[in-house]
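Student: My questions will all concern the structure given below.
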2 protein chains.
Amino acid sequence: MFTVGIDLGGTNIVSAVVNDKYEIVATSKTATNSPRSYREIFDDIIRITLDAIEKAGLTADDIDSVGLGTPGTVNGDGIIEFANNLGFNNVPARQILIDGLGIHNVYVENDANCAALGEAYAGVGHGAKNFVAVTLGTGVGSGIIADGKIVNGVNFAGGECGHMVIVLDGEQCTCGRKGCWEAYASATALINQTKKAMEENPDSVMHELARQEGKVSGKTSFDAMRRGDIAGIHVVERYIKYVSCGLINIVNALQPEIICVGGGICNEGDTLIKPLRRYVQAERYSIHSKIQTKIVKAELGNDAGVIGAAILGKVKE
Amino acid sequence: MFTVGIDLGGTNIVSAVVNDKYEIVATSKTATNSPRSYREIFDDIIRITLDAIEKAGLTADDIDSVGLGTPGTVNGDGIIEFANNLGFNNVPARQILIDGLGIHNVYVENDANCAALGEAYAGVGHGAKNFVAVTLGTGVGSGIIADGKIVNGVNFAGGECGHMVIVLDGEQCTCGRKGCWEAYASATALINQTKKAMEENPDSVMHELARQEGKVSGKTSFDAMRRGDIAGIHVVERYIKYVSCGLINIVNALQPEIICVGGGICNEGDTLIKPLRRYVQAERYSIHSKIQTKIVKAELGNDAGVIGAAILGKVKE
């Protein structure tokens with residue numbers, strides 16, 4: 001049995017044929033070239049999807065279901081109600097794909113939820129039914145899987161753990177609230193924290209590191225820490241405390257089997273994950289329980305979204 | 001079809017026969033008289049349950065399932081692993097009830113989760129499948145229903161939204177963390193906030209109100225506010241902001257159909273609920289969604305737990 005997953009991103013669109021072991025057997029890719037009309041974008045999506053199916057040596061009849069992961073809010077009819085960064089408003093994605101591909105089992109879902117599904121079923125979750133994926137990127141994205149299903153909420157806007165306040169009246173968040181987890185734990189926030197520490201510490205090695213890289217990045221403070229820089233150590237320690245605060249909040253509310261942490265900052269690997277585990281271990285409410293939530297690094301990388309989209313048919317039927 | 005719900009509380013034990021409209025048709029009650037051995041307590045539970053069944057004019061054969069709501073952590077085998085305030089440790093509650101009642105469909109669950117289930121199915125939720133119940137009492141209790149099922153988590157300790165930090169490094173919480181929602185939004189926290197404001201404001205009417213009532217209570221600041229007392233107004237406004245912060249966190253993470261708010265403080269009714277709704281409306285992430293989480297007052301009161309326990313058989317099968 002084969003399914004198709006499509007990952008509609010701000011930069012690229014990827015379509016992949018996936019087998020029943022969740023392995024990608026063929027892909028096709030194109031640039032999103034946003035802003036464009038949704039009709040142009042969906043023409044490209046249909047074209048590369050048919051191309052991927054052909055590359056796999058299959059026809060549309062061999063495809064059990066098609067899933068599309070997209071930024072924004074997707075309602076129960078597969079309509080993309082609102083996707084800010086693509087300029088989409090009420091785009092009938094599901095119907096367009098049914099008509100264009102001649103395949104009837106088509107599912108559309110938010111991309112962060114697809115990535116969570118991919119990691120839960122095919123990645124580090126190994127089929128975990130209660131799973132949360134957190135992505136430390138430009139923002140803090142998250143997707144919640146409960147009892148094997150995506151937690152969409154009543155309006156398909158659920159799973160925004162990045163917009164839980166951890167510091168009442170704290171840093172301004174892009175969502176309008178003050179003190180959201182995202183405003184402290186995203187890569188963007190880490191870069192701001194690094195810049196502030198650099199201003200306050202003109203002698204820090206972070207200045208030299210930033211010059212070498214041509215910018216302050218999410219790596220700057222970690223690299224400085226590795227060189228014994230006190231200001232860098234302080235930034236990293238504080239950042240890890242921010243990240244862990246939100247993780248413990250999720251553990252206490254949901255006690256998932258696994259929380260997987262992804263995004264660029266995770267390239268730090270155990271330097272990030274191990275202290276996060278120590279914080280969670282020390283502070284979780286379930287301190288006496290024999291079984292505890294595992295904190296792990298995401299393993300599928302960019303493939304999580306496209307594989308998760310290919311799995312949508314299994315969890316939504 | 002009839003089921004039995006049992007609410008094992010720190011003070012009383014209530015057993016109720018419930019019909020398929022979730023109506024209580026007969027009850028029997030006894031004092032918990034804790035601390036006692038679990039064997040003595042369960043002998044009483046069995047006695048009052050058989051009594052309630054008899055009062056309903058039924059026999060054990062007429063009872064489809066039995067549910068027990070208990071404080072503490074209950075594992076998947078119906079064993080109460082740990083219930084601090086009853087002194088319970090690894091009590092095989094399910095098996096004791098099966099043996100004692102001669103009924104085989106027996107389910108055991110945490111009491112806050114039972115109360116959430118009761119409100120979701122038989123109370124203010126009117127059958128809502130995605131529902132969160134929050135209780136502002138000595139602590140901040142909560143139960144999460146997702147897709148009609150209780151979110152227990154991997155270790156049956158899930159649903160502790162009261163122990164999500166909203167003020168990093170803030171007030172010490174009983175759980176060991178600093179800045180938990182419970183440390184700001186519980187009735188206990190409100191009383192502490194009231195006492196602090198009274199110290200700072202020797203002329204506040206709250207002193208007179210507390211003398212009249214014989215103590216500072218969760219009502220003191222609300223009553224003072226109604227009499228135009230500035231310090232009282234300030235306490236209430238700040239408290240409502242604390243409560244709403246946690247509610248918005250839950251909305252953003254889960255977007256449930258309904259969050260119901262219960263506990264003693266809710267006797268304030270619209271004085272509490274209306275400003276909470278205004279905060280949630282202003283700050284929720286899903287600001288553009290047509291459908292939004294409803295914030296409502298719990299309606300079943302003390303019956304929520306026993307009715308929820310009686311429903312366990314339906315949601316756990």
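Chain labels run A, B, ... following the order of the structure tokens; each chain numbers its residues from 1, and ligands are numbered from 1 in the order shown.
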Using DSSP secondary structure from the backbone, list all helix (DSSP H, G or I) positions within stretch 128-243 of chain B, as JSON, numbers by chain.
Tutor: {"B": [161, 162, 163, 182, 183, 184, 185, 187, 188, 189, 190, 191, 192, 193, 194, 195, 196, 197, 198, 199, 200, 206, 207, 208, 209, 210, 211, 212, 213, 220, 221, 222, 223, 224, 225, 226, 230, 231, 232, 233, 234, 235, 236, 237, 238, 239, 240, 241, 242, 243]}
Student: For the residues in that selection, give me C-alpha atoms as a PDB file, in the first residue's frame.
Tutor:
```pdb
ATOM      1  CA  CYS B 161      -2.767  22.120  34.374  1.00  0.00           C
ATOM      2  CA  GLY B 162      -2.501  23.783  37.787  1.00  0.00           C
ATOM      3  CA  HIS B 163       1.168  22.921  37.749  1.00  0.00           C
ATOM      4  CA  GLU B 182      -1.990  27.013  41.203  1.00  0.00           C
ATOM      5  CA  ALA B 183       0.258  29.304  43.267  1.00  0.00           C
ATOM      6  CA  TYR B 184      -1.583  32.309  41.771  1.00  0.00           C
ATOM      7  CA  ALA B 185      -5.099  31.122  40.868  1.00  0.00           C
ATOM      8  CA  ALA B 187      -8.513  29.917  46.454  1.00  0.00           C
ATOM      9  CA  THR B 188      -5.530  29.509  48.778  1.00  0.00           C
ATOM     10  CA  ALA B 189      -3.507  31.890  46.605  1.00  0.00           C
ATOM     11  CA  LEU B 190      -6.365  34.403  46.502  1.00  0.00           C
ATOM     12  CA  ILE B 191      -6.555  34.341  50.310  1.00  0.00           C
ATOM     13  CA  ASN B 192      -2.791  34.942  50.520  1.00  0.00           C
ATOM     14  CA  GLN B 193      -3.058  37.788  48.008  1.00  0.00           C
ATOM     15  CA  THR B 194      -5.927  39.257  50.070  1.00  0.00           C
ATOM     16  CA  LYS B 195      -3.927  39.021  53.313  1.00  0.00           C
ATOM     17  CA  LYS B 196      -0.954  40.747  51.721  1.00  0.00           C
ATOM     18  CA  ALA B 197      -3.148  43.574  50.411  1.00  0.00           C
ATOM     19  CA  MET B 198      -4.702  43.934  53.869  1.00  0.00           C
ATOM     20  CA  GLU B 199      -1.248  44.336  55.443  1.00  0.00           C
ATOM     21  CA  GLU B 200      -0.393  46.979  52.882  1.00  0.00           C
ATOM     22  CA  MET B 206     -11.338  43.984  53.929  1.00  0.00           C
ATOM     23  CA  HIS B 207     -10.243  44.150  57.596  1.00  0.00           C
ATOM     24  CA  GLU B 208     -13.854  44.715  58.697  1.00  0.00           C
ATOM     25  CA  LEU B 209     -15.186  42.028  56.350  1.00  0.00           C
ATOM     26  CA  ALA B 210     -12.653  39.499  57.626  1.00  0.00           C
ATOM     27  CA  ARG B 211     -13.558  40.291  61.243  1.00  0.00           C
ATOM     28  CA  GLN B 212     -17.256  39.785  60.460  1.00  0.00           C
ATOM     29  CA  GLU B 213     -16.621  36.443  58.755  1.00  0.00           C
ATOM     30  CA  THR B 220     -13.250  38.885  51.217  1.00  0.00           C
ATOM     31  CA  SER B 221     -11.746  40.751  48.257  1.00  0.00           C
ATOM     32  CA  PHE B 222     -14.833  40.258  46.075  1.00  0.00           C
ATOM     33  CA  ASP B 223     -17.098  41.635  48.842  1.00  0.00           C
ATOM     34  CA  ALA B 224     -14.717  44.576  49.339  1.00  0.00           C
ATOM     35  CA  MET B 225     -14.789  45.244  45.598  1.00  0.00           C
ATOM     36  CA  ARG B 226     -18.585  45.359  45.695  1.00  0.00           C
ATOM     37  CA  ILE B 230      -9.739  50.181  46.013  1.00  0.00           C
ATOM     38  CA  ALA B 231      -7.454  47.553  47.563  1.00  0.00           C
ATOM     39  CA  GLY B 232     -10.167  44.915  47.113  1.00  0.00           C
ATOM     40  CA  ILE B 233     -10.694  45.932  43.485  1.00  0.00           C
ATOM     41  CA  HIS B 234      -6.967  45.625  42.899  1.00  0.00           C
ATOM     42  CA  VAL B 235      -6.791  42.124  44.444  1.00  0.00           C
ATOM     43  CA  VAL B 236      -9.740  40.877  42.367  1.00  0.00           C
ATOM     44  CA  GLU B 237      -8.456  42.396  39.133  1.00  0.00           C
ATOM     45  CA  ARG B 238      -5.028  40.872  39.620  1.00  0.00           C
ATOM     46  CA  TYR B 239      -6.513  37.483  40.602  1.00  0.00           C
ATOM     47  CA  ILE B 240      -8.728  37.413  37.510  1.00  0.00           C
ATOM     48  CA  LYS B 241      -5.667  38.178  35.398  1.00  0.00           C
ATOM     49  CA  TYR B 242      -3.855  35.203  36.978  1.00  0.00           C
ATOM     50  CA  VAL B 243      -6.792  32.860  36.377  1.00  0.00           C
TER      51      VAL B 243
END
```
Student: Per DSSP on the backbone, filter stretch 171-260 of chain A down to the residues in strand (DSSP E or B) and report them as a PyMOL selection string.
Tutor: chain A and resi 172+178+180+258-260
Student: Return as an MDAnalysis selection string the residues belonging to chain A that are within 8 Å of chain B, counting only C-alpha atoms.
Tutor: chainID A and resid 130 146 151:161 163:168 175:177 245:246 248:257 283 285:286 289:293
Student: Grab the atom CA of A:Arg94 to atom CA of A:Tyr22 distance for me, in Å with one decimal place.
Tutor: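 Taking atom CA of A:Arg94 as the start and atom CA of A:Tyr22 as the end point, the length is 22.2 Å.
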Student: Quick one: pull the distance between atom CA of A:Lys274 and atom CA of A:Gly301, Å, one decimal.
Tutor: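 Answer for the atom CA of A:Lys274 to atom CA of A:Gly301 separation: 19.3 Å.
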Student: Which residues are close to B:Leu136, i.e. within 7 Å by only C-alpha atoms, leaving aside same-chain residues fewer than 6 positions away? Reply as an NGL selection string.
Tutor: :B and (185-187 or 262-265)
Student: What would the file look like if the residues just selected were written as a PDB file, in the first residue's frame with C-alpha atoms?
Tutor:
```pdb
ATOM      1  CA  ALA B 185      -5.099  31.122  40.868  1.00  0.00           C
ATOM      2  CA  SER B 186      -6.180  28.764  43.673  1.00  0.00           C
ATOM      3  CA  ALA B 187      -8.513  29.917  46.454  1.00  0.00           C
ATOM      4  CA  GLY B 262     -15.624  25.242  39.148  1.00  0.00           C
ATOM      5  CA  GLY B 263     -14.734  25.392  42.831  1.00  0.00           C
ATOM      6  CA  GLY B 264     -15.760  27.705  45.645  1.00  0.00           C
ATOM      7  CA  ILE B 265     -14.566  30.906  43.966  1.00  0.00           C
TER       8      ILE B 265
END
```
Student: Do you have the atom CA of B:Tyr38-atom CA of B:Thr11 distance handy?
Tutor: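 Value for the atom CA of B:Tyr38-atom CA of B:Thr11 distance: 14.5 Å.
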Student: Calculated over only C-alpha atoms, which of the candidates B:Thr135, B:Ser204, B:Asn110, B:Asn12 has the smallest distance to B:Val296?
Tutor: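 Using only C-alpha atoms, B:Val296 sits closest to B:Thr135.
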Student: Pick out the residues sitting within 8 Å of B:Glu119, and hand them over as a list in words; count only C-alpha atoms, and ignore anything fewer than 3 positions along from it in its own chain.
Tutor: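 The contact residues come out as Ala115, Ala116, Ala122, Gly123, Val124, Gly125, His126, Ala133, Cys260, Ala298, Glu299, Leu300, Ala304 and Gly308 of chain B.
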Student: Just to be explicit: take each residue in the selection above, keep N, CA and C atoms, and write the result as a tab-separated table (two decimals), in the first residue's frame.
Tutor:
```
chain	number	residue	atom	x	y	z
B	115	ALA	N	-14.72	14.25	37.70
B	115	ALA	CA	-15.52	15.48	37.73
B	115	ALA	C	-15.56	16.13	36.34
B	116	ALA	N	-14.42	16.10	35.65
B	116	ALA	CA	-14.37	16.65	34.29
B	116	ALA	C	-15.30	15.86	33.37
B	122	ALA	N	-22.57	15.12	31.26
B	122	ALA	CA	-23.88	15.26	31.89
B	122	ALA	C	-24.13	16.68	32.39
B	123	GLY	N	-23.12	17.52	32.39
B	123	GLY	CA	-23.27	18.87	32.92
B	123	GLY	C	-23.23	19.90	31.82
B	124	VAL	N	-22.44	20.89	32.07
B	124	VAL	CA	-22.40	22.07	31.22
B	124	VAL	C	-21.83	21.76	29.82
B	125	GLY	N	-21.17	20.61	29.68
B	125	GLY	CA	-20.59	20.23	28.39
B	125	GLY	C	-21.61	19.69	27.41
B	126	HIS	N	-22.75	19.17	27.92
B	126	HIS	CA	-23.78	18.59	27.06
B	126	HIS	C	-23.20	17.63	26.02
B	133	ALA	N	-12.01	20.75	32.43
B	133	ALA	CA	-12.61	21.25	33.66
B	133	ALA	C	-11.50	21.73	34.58
B	260	CYS	N	-14.73	24.51	31.56
B	260	CYS	CA	-15.65	24.83	32.65
B	260	CYS	C	-14.84	25.10	33.91
B	298	ALA	N	-19.01	25.75	36.03
B	298	ALA	CA	-19.44	24.37	36.26
B	298	ALA	C	-20.86	24.37	36.81
B	299	GLU	N	-21.65	23.33	36.47
B	299	GLU	CA	-23.04	23.37	36.93
B	299	GLU	C	-23.45	22.19	37.81
B	300	LEU	N	-22.65	21.12	37.84
B	300	LEU	CA	-23.07	19.95	38.62
B	300	LEU	C	-22.65	20.01	40.09
B	304	ALA	N	-20.72	16.28	40.24
B	304	ALA	CA	-19.92	16.04	39.03
B	304	ALA	C	-19.08	14.78	39.17
B	308	GLY	N	-19.63	11.52	36.97
B	308	GLY	CA	-18.50	11.19	36.10
B	308	GLY	C	-18.01	9.77	36.33
```
Student: For B:Gly100, which residue among B:Asp77, B:Asp44, B:Asp61, B:Asp270 is the nearest when counting only C-alpha atoms?
Tutor: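 Among the listed residues, B:Asp44 lies closest to B:Gly100.
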Student: Name the closest residue to A:Gln281 among the candidates A:Thr174, A:Gln95, A:Asn302, A:Ser244; distances are taken between atoms, counting only C-alpha atoms.
Tutor: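 Nearest candidate to A:Gln281 out of A:Thr174, A:Gln95, A:Asn302, A:Ser244: A:Ser244.
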